[in-house]
Amino acid sequence: MAHFDPKTYRNALGQFATGVTIVTTRDADGHAVGVTANSFNSVSLDPPLVLWSLARSARSMAAFEQATDFAVHILASDQEHLSNLFASRVEDKFAGMEVGSEGPPLIEGCSARLVCSTRHMYEGGDHVIMVGEVIDYESDGKPPLVFHGGAYADRIAREAGSESPPVVYAVAGRIATITLNRPETRNALSEEVIGALVSALEAADADSDIDCVILTGEGPSFCSGGNIKQIKALTAEQHMTPIELENWYKTQIQRIPLTMDRLSVPVIAAVRGHAIGAGCDLASMADIRIAAEDAIFAESFLRVGIIPGDGGAWLLPRIIGLAKASQMMLTGEFIDARKAEHYGLVSEVVPVDALAGRAMELAAMVAQFPPSAIRKTKRLIKDARDVSLAEHLDQAAIWQGVLQQMDDHREAIDAILEKRAPNFQGK
Ligand SMILES: Cc1cc2nc3c(=O)[nH]c(=O)nc-3n(C[C@H](O)[C@H](O)[C@H](O)COP(=O)(O)O)c2cc1C
């Protein structure tokens, strides 16, 4: 055993920047498997050898141990979502991807790709060290995804030169991740963020290849709510009249609850750090909410002498009940992740560095089902708020009639009976 604390040592190493890769291979049955790894390195030129290490606890260990080859994908700066997907323990990480059937599975859009034949495997205690000889290599020249100090440092490259987008939209398989991208304001809902968020949500909903959306924030906070400076300017600089302010709410922040309420595609909010005011309400608009241990929620509108103008007073009582919602809204109290879980505001709390992976796992659990049935389930739940049981049952019967006529329904049943994975076509 080492004469130092392995955890401290590991945390210290985590301060150094590394590239992020996905290493892929096929298991004994030819199924594609892959894992996110930042332990990758080049070691010799002649022959060209590379190495990486795989934790013994990884589910893909058996596949890599028996494989004669593997592919290393050096991820591009816009592939953070793929890194999260392959770092999660979902069943089929390749769902919706075309990766060929011969040789190691190849993922598109990377910074560089190396195809390697397995040369050596070394016993490394809790890891196995894999050495491969590079037999094919291609580079796309895209800036790489960098991991630094326990977080992705790719935004340095992403933002270099051009204006960084207020919201980042990324697709992995059948899952879209929408990331509020103004960490310098803790992702405050400025007019530009509102417009981009609404467009991204509408794009995901319009895309029948998307089965689930993850909504999250760049940096240490989910969303700090309305942009206080912008709100102050409405009266202090723009001298808006009450009617103009009413119109501003309707044409700005209120587009978010109305859009979220119309969506058919389910949304999972993954909250770390602050979800304050309109940020707390934004999380409340999602279908599923999970939080990192450092999450803090508050209905803080009274602190600045206003009311929830974005639907919070309608949403929150429906999630956590009238008494707790009233307490939050009337006291402005900050509640931590554990209390939020106790209140029922979030369904799970996970360590900060497990948040993205867990959100991806949940999204992949949703996305394993037939696309139409996923969307109808979400709508059925949402619509049930506003109708009688008789109307609800009527709607359920009609939709069930449609779904049970679909190929995907028959395929789901056949797959269960034949003990195999289903292959849904969205028909
Ligand atoms: C940025 C990043 C780098 C990682 N690097 C490694 C690594 O080098 N080796 C490893 O075994 N796991 C690494 N992991 C964790 C694995 O990706 C994770 O345990 C994954 O669940 C393994 O997949 P599997 O269990 O389906 O095989 C990393 C995760 C992230 C997010």
# chains A, B, ... in the order shown; residues from 1 in each chain; ligands from 1
>>> select_by_dssp(residues="stretch 216-415 of chain A", states="alpha helix (DSSP H)", output="ChimeraX atom specification")
/A:228-236,242-251,255-262,278-284,312-320,322-331,337-343,355-367,371-384,389-403,407-415
>>> closest_atom_pairs(of="chain A", to="ligand 1", cutoff="8 Å", atoms="only C-alpha atoms and all ligand atoms", output="CSV")
residue,atom,partner,partner_atom_place_in_ligand_line,distance
A:Val20,CA,ligand 1,1 (C),5.7
A:Thr21,CA,ligand 1,3 (C),7.6
A:Val33,CA,ligand 1,26 (O),7.4
A:Gly34,CA,ligand 1,27 (O),6.5
A:Val35,CA,ligand 1,23 (O),4.7
A:Thr36,CA,ligand 1,17 (O),3.8
A:Ala37,CA,ligand 1,5 (N),3.1
A:Asn38,CA,ligand 1,5 (N),4.2
A:Ser39,CA,ligand 1,8 (O),3.8
A:Phe40,CA,ligand 1,8 (O),6.6
A:Trp52,CA,ligand 1,8 (O),6.4
A:Ser53,CA,ligand 1,9 (N),5.2
A:Leu54,CA,ligand 1,11 (O),3.4
A:Ala55,CA,ligand 1,11 (O),3.7
A:Arg56,CA,ligand 1,11 (O),7.2
A:Ser57,CA,ligand 1,25 (O),6.8
A:Ala58,CA,ligand 1,25 (O),3.7
A:Arg59,CA,ligand 1,25 (O),3.9
A:Ser60,CA,ligand 1,27 (O),3.7
A:Met61,CA,ligand 1,27 (O),6.3
A:Ser83,CA,ligand 1,31 (C),6.1
A:Asn84,CA,ligand 1,31 (C),5.8
A:Phe86,CA,ligand 1,17 (O),5.8
A:Ala87,CA,ligand 1,17 (O),3.3
A:Ser88,CA,ligand 1,21 (O),4.3
A:Arg89,CA,ligand 1,26 (O),4.4
A:Val90,CA,ligand 1,26 (O),6.6
A:Glu91,CA,ligand 1,26 (O),7.6
A:His127,CA,ligand 1,11 (O),6.8
A:Phe147,CA,ligand 1,1 (C),6.0
A:Gly150,CA,ligand 1,1 (C),7.8
A:Ala151,CA,ligand 1,1 (C),7.7
A:Tyr152,CA,ligand 1,1 (C),7.5
A:Gly357,CA,ligand 1,31 (C),7.6
>>> closest_residue(among="A:Met406, A:Leu85, A:Ala188, A:Ala298", to="A:Ala176", atoms="only C-alpha atoms")
A:Leu85
>>> residues_around(residues="stretch 328-343 of chain A", least_positions_apart="4", cutoff="6 Å", atoms="only C-alpha atoms", output="list in words")
Glu293, Ala295, Ile296, Phe297, Ala298, Glu299, Ser300, Ile320 and Ser347 of chain A
>>> write_last_selection(atoms="N, CA and C atoms", output="CSV table (one decimal), in the first residue's frame")
chain,number,residue,atom,x,y,z
A,293,GLU,N,-25.1,17.2,-4.7
A,293,GLU,CA,-25.1,17.5,-3.3
A,293,GLU,C,-25.0,19.0,-3.0
A,295,ALA,N,-26.4,21.5,-4.5
A,295,ALA,CA,-27.5,22.3,-5.1
A,295,ALA,C,-28.2,23.1,-4.0
A,296,ILE,N,-28.7,24.3,-4.4
A,296,ILE,CA,-29.4,25.2,-3.4
A,296,ILE,C,-30.6,25.8,-4.2
A,297,PHE,N,-31.7,25.6,-3.6
A,297,PHE,CA,-33.0,26.1,-4.2
A,297,PHE,C,-33.6,27.2,-3.4
A,298,ALA,N,-34.1,28.2,-4.1
A,298,ALA,CA,-34.9,29.2,-3.3
A,298,ALA,C,-35.9,29.9,-4.2
A,299,GLU,N,-37.0,30.2,-3.6
A,299,GLU,CA,-38.0,31.1,-4.3
A,299,GLU,C,-37.7,32.5,-3.8
A,300,SER,N,-36.9,33.2,-4.4
A,300,SER,CA,-36.3,34.4,-3.8
A,300,SER,C,-36.9,35.7,-4.3
A,320,ILE,N,-44.6,20.1,-4.6
A,320,ILE,CA,-44.2,19.9,-3.2
A,320,ILE,C,-45.4,20.2,-2.2
A,347,SER,N,-36.0,14.2,-7.1
A,347,SER,CA,-36.2,12.8,-6.8
A,347,SER,C,-34.9,12.1,-6.4
>>> select_by_dssp(residues="stretch 113-240 of chain A", states="strand (DSSP E)", output="ChimeraX atom specification")
/A:113-124,127-139,146-148,151-152,167-172,175-180,212-217
>>> write_last_selection(atoms="N, CA and C atoms", output="short mmCIF file (atom, residue, chain, number, x, y, z; two decimals), in the first residue's frame")
data_model
loop_
_atom_site.label_atom_id
_atom_site.label_comp_id
_atom_site.auth_asym_id
_atom_site.auth_seq_id
_atom_site.Cartn_x
_atom_site.Cartn_y
_atom_site.Cartn_z
N ARG A 113 -9.03 9.78 -34.29
CA ARG A 113 -9.41 8.39 -34.03
C ARG A 113 -8.21 7.49 -34.27
N LEU A 114 -7.98 6.52 -33.39
CA LEU A 114 -6.90 5.57 -33.55
C LEU A 114 -7.49 4.17 -33.48
N VAL A 115 -7.18 3.34 -34.45
CA VAL A 115 -7.57 1.94 -34.36
C VAL A 115 -6.32 1.17 -33.91
N CYS A 116 -6.46 0.36 -32.88
CA CYS A 116 -5.29 -0.30 -32.28
C CYS A 116 -5.53 -1.79 -32.18
N SER A 117 -4.44 -2.57 -32.32
CA SER A 117 -4.55 -3.99 -31.98
C SER A 117 -3.98 -4.15 -30.58
N THR A 118 -4.65 -4.99 -29.80
CA THR A 118 -4.24 -5.14 -28.41
C THR A 118 -2.88 -5.82 -28.36
N ARG A 119 -1.91 -5.20 -27.70
CA ARG A 119 -0.56 -5.75 -27.62
C ARG A 119 -0.26 -6.40 -26.27
N HIS A 120 -0.57 -5.67 -25.19
CA HIS A 120 -0.29 -6.18 -23.85
C HIS A 120 -1.40 -5.76 -22.90
N MET A 121 -1.51 -6.53 -21.83
CA MET A 121 -2.38 -6.12 -20.72
C MET A 121 -1.60 -6.33 -19.45
N TYR A 122 -1.55 -5.30 -18.63
CA TYR A 122 -0.77 -5.41 -17.40
C TYR A 122 -1.68 -5.31 -16.19
N GLU A 123 -1.39 -6.15 -15.23
CA GLU A 123 -2.09 -6.14 -13.95
C GLU A 123 -1.80 -4.81 -13.24
N GLY A 124 -2.84 -4.08 -12.88
CA GLY A 124 -2.61 -2.78 -12.23
C GLY A 124 -3.45 -2.62 -10.98
N HIS A 127 -7.02 -1.46 -11.56
CA HIS A 127 -7.17 -1.20 -12.99
C HIS A 127 -6.37 -2.24 -13.79
N VAL A 128 -6.73 -2.42 -15.03
CA VAL A 128 -5.90 -3.18 -15.96
C VAL A 128 -5.33 -2.18 -16.95
N ILE A 129 -4.02 -2.24 -17.18
CA ILE A 129 -3.38 -1.30 -18.09
C ILE A 129 -3.33 -1.96 -19.47
N MET A 130 -3.94 -1.30 -20.42
CA MET A 130 -4.05 -1.86 -21.78
C MET A 130 -3.06 -1.13 -22.69
N VAL A 131 -2.30 -1.90 -23.43
CA VAL A 131 -1.38 -1.31 -24.40
C VAL A 131 -1.79 -1.78 -25.80
N GLY A 132 -1.86 -0.84 -26.72
CA GLY A 132 -2.24 -1.19 -28.09
C GLY A 132 -1.24 -0.65 -29.09
N GLU A 133 -1.14 -1.33 -30.23
CA GLU A 133 -0.32 -0.80 -31.31
C GLU A 133 -1.25 -0.12 -32.32
N VAL A 134 -0.92 1.10 -32.67
CA VAL A 134 -1.78 1.87 -33.57
C VAL A 134 -1.63 1.33 -34.99
N ILE A 135 -2.75 0.87 -35.58
CA ILE A 135 -2.67 0.37 -36.95
C ILE A 135 -3.37 1.32 -37.94
N ASP A 136 -4.14 2.25 -37.40
CA ASP A 136 -4.76 3.24 -38.29
C ASP A 136 -5.01 4.51 -37.47
N TYR A 137 -4.89 5.65 -38.14
CA TYR A 137 -5.03 6.92 -37.42
C TYR A 137 -5.61 7.97 -38.35
N GLU A 138 -6.57 8.75 -37.84
CA GLU A 138 -7.04 9.90 -38.62
C GLU A 138 -7.34 11.05 -37.67
N SER A 139 -7.06 12.25 -38.14
CA SER A 139 -7.29 13.42 -37.30
C SER A 139 -8.14 14.42 -38.06
N VAL A 146 -11.07 18.83 -23.12
CA VAL A 146 -10.05 18.76 -22.07
C VAL A 146 -10.71 18.61 -20.72
N PHE A 147 -10.11 17.77 -19.88
CA PHE A 147 -10.61 17.55 -18.52
C PHE A 147 -9.61 18.17 -17.56
N HIS A 148 -10.10 19.06 -16.70
CA HIS A 148 -9.16 19.82 -15.87
C HIS A 148 -9.80 20.14 -14.53
N ALA A 151 -13.38 18.92 -14.07
CA ALA A 151 -14.46 19.44 -14.93
C ALA A 151 -13.95 19.54 -16.37
N TYR A 152 -14.86 19.65 -17.31
CA TYR A 152 -14.46 19.83 -18.70
C TYR A 152 -13.99 21.27 -18.90
N VAL A 167 -26.86 29.21 -25.14
CA VAL A 167 -27.33 27.87 -24.79
C VAL A 167 -26.64 26.90 -25.73
N VAL A 168 -26.13 25.79 -25.18
CA VAL A 168 -25.48 24.79 -26.03
C VAL A 168 -26.42 23.61 -26.20
N TYR A 169 -26.60 23.19 -27.45
CA TYR A 169 -27.49 22.08 -27.77
C TYR A 169 -26.63 20.93 -28.30
N ALA A 170 -26.68 19.80 -27.64
CA ALA A 170 -25.83 18.68 -28.06
C ALA A 170 -26.65 17.39 -28.06
N VAL A 171 -26.39 16.55 -29.04
CA VAL A 171 -27.16 15.31 -29.16
C VAL A 171 -26.22 14.11 -29.04
N ALA A 172 -26.60 13.15 -28.20
CA ALA A 172 -25.88 11.87 -28.12
C ALA A 172 -26.93 10.78 -28.26
N ILE A 175 -30.70 11.31 -27.19
CA ILE A 175 -30.81 12.22 -26.04
C ILE A 175 -30.22 13.58 -26.40
N ALA A 176 -30.98 14.65 -26.16
CA ALA A 176 -30.45 16.00 -26.38
C ALA A 176 -30.12 16.62 -25.03
N THR A 177 -28.96 17.25 -24.95
CA THR A 177 -28.62 17.98 -23.72
C THR A 177 -28.63 19.47 -24.03
N ILE A 178 -29.43 20.21 -23.27
CA ILE A 178 -29.52 21.66 -23.43
C ILE A 178 -28.84 22.27 -22.21
N THR A 179 -27.76 23.01 -22.47
CA THR A 179 -26.96 23.56 -21.37
C THR A 179 -27.01 25.09 -21.40
N LEU A 180 -27.50 25.68 -20.34
CA LEU A 180 -27.45 27.14 -20.21
C LEU A 180 -25.98 27.51 -20.12
N CYS A 212 -35.54 12.14 -25.23
CA CYS A 212 -35.45 12.74 -23.89
C CYS A 212 -34.47 13.92 -23.92
N VAL A 213 -34.75 14.94 -23.11
CA VAL A 213 -33.89 16.13 -23.03
C VAL A 213 -33.33 16.23 -21.61
N ILE A 214 -32.05 16.52 -21.53
CA ILE A 214 -31.45 16.87 -20.24
C ILE A 214 -31.24 18.37 -20.24
N LEU A 215 -31.74 19.05 -19.21
CA LEU A 215 -31.58 20.50 -19.09
C LEU A 215 -30.63 20.76 -17.93
N THR A 216 -29.54 21.46 -18.22
CA THR A 216 -28.55 21.68 -17.17
C THR A 216 -27.86 23.02 -17.36
N GLY A 217 -26.91 23.34 -16.50
CA GLY A 217 -26.22 24.63 -16.58
C GLY A 217 -24.72 24.43 -16.66
#
>>> atom_distance(atom1="atom CA of A:Ile416", atom2="atom CA of A:Ala28")
22.5 Å
>>> closest_residue(among="A:Thr259, A:Gly279, A:Ile374, A:Gln252", to="A:Ile194", atoms="only C-alpha atoms")
A:Gln252
>>> residues_around(residues="A:Ala292", least_positions_apart="5", cutoff="9 Å", atoms="only C-alpha atoms", output="ChimeraX atom specification")
/A:270-273,337,348-355
>>> write_last_selection(atoms="N, CA and C atoms", output="short mmCIF file (atom, residue, chain, number, x, y, z; two decimals), in the first residue's frame")
data_model
loop_
_atom_site.label_atom_id
_atom_site.label_comp_id
_atom_site.auth_asym_id
_atom_site.auth_seq_id
_atom_site.Cartn_x
_atom_site.Cartn_y
_atom_site.Cartn_z
N ALA A 270 -31.03 18.60 -14.46
CA ALA A 270 -29.89 18.16 -13.65
C ALA A 270 -29.32 19.42 -13.01
N VAL A 271 -29.53 19.56 -11.69
CA VAL A 271 -29.24 20.83 -11.01
C VAL A 271 -28.00 20.70 -10.13
N ARG A 272 -27.01 21.53 -10.39
CA ARG A 272 -25.93 21.68 -9.42
C ARG A 272 -25.83 23.15 -9.05
N GLY A 273 -25.38 23.40 -7.83
CA GLY A 273 -25.25 24.78 -7.38
C GLY A 273 -26.62 25.46 -7.28
N ALA A 337 -29.80 20.56 -1.01
CA ALA A 337 -30.23 19.43 -1.84
C ALA A 337 -30.99 18.39 -1.02
N GLU A 348 -33.74 12.67 -6.66
CA GLU A 348 -32.49 12.03 -6.25
C GLU A 348 -31.44 13.10 -6.01
N VAL A 349 -30.51 12.81 -5.09
CA VAL A 349 -29.34 13.66 -4.87
C VAL A 349 -28.10 12.78 -5.07
N VAL A 350 -27.16 13.26 -5.86
CA VAL A 350 -25.95 12.48 -6.16
C VAL A 350 -24.71 13.37 -5.96
N PRO A 351 -23.53 12.76 -5.81
CA PRO A 351 -22.32 13.59 -5.72
C PRO A 351 -22.19 14.46 -6.97
N VAL A 352 -21.52 15.62 -6.80
CA VAL A 352 -21.42 16.59 -7.89
C VAL A 352 -20.89 15.94 -9.17
N ASP A 353 -19.81 15.14 -9.04
CA ASP A 353 -19.22 14.61 -10.28
C ASP A 353 -20.00 13.43 -10.86
N ALA A 354 -21.07 13.01 -10.17
CA ALA A 354 -21.90 11.93 -10.71
C ALA A 354 -23.16 12.47 -11.38
N LEU A 355 -23.37 13.82 -11.30
CA LEU A 355 -24.65 14.38 -11.76
C LEU A 355 -24.88 14.15 -13.26
#
>>> closest_residue(among="A:Gln425, A:Thr24, A:Ser326, A:Gln368", to="A:Ser208", atoms="only C-alpha atoms")
A:Gln425
>>> residues_around(residues="A:Cys110", least_positions_apart="5", cutoff="7 Å", atoms="only C-alpha atoms", output="ChimeraX atom specification")
/A:73-76
>>> atom_distance(atom1="atom CA of A:Ile288", atom2="atom CA of A:Val265")
12.0 Å
>>> atom_distance(atom1="atom CA of A:Ala269", atom2="atom CA of A:Val23")
28.2 Å
>>> closest_residue(among="A:Ile319, A:Leu263, A:Ala17, A:Ala313", to="A:Leu380", atoms="only C-alpha atoms")
A:Leu263
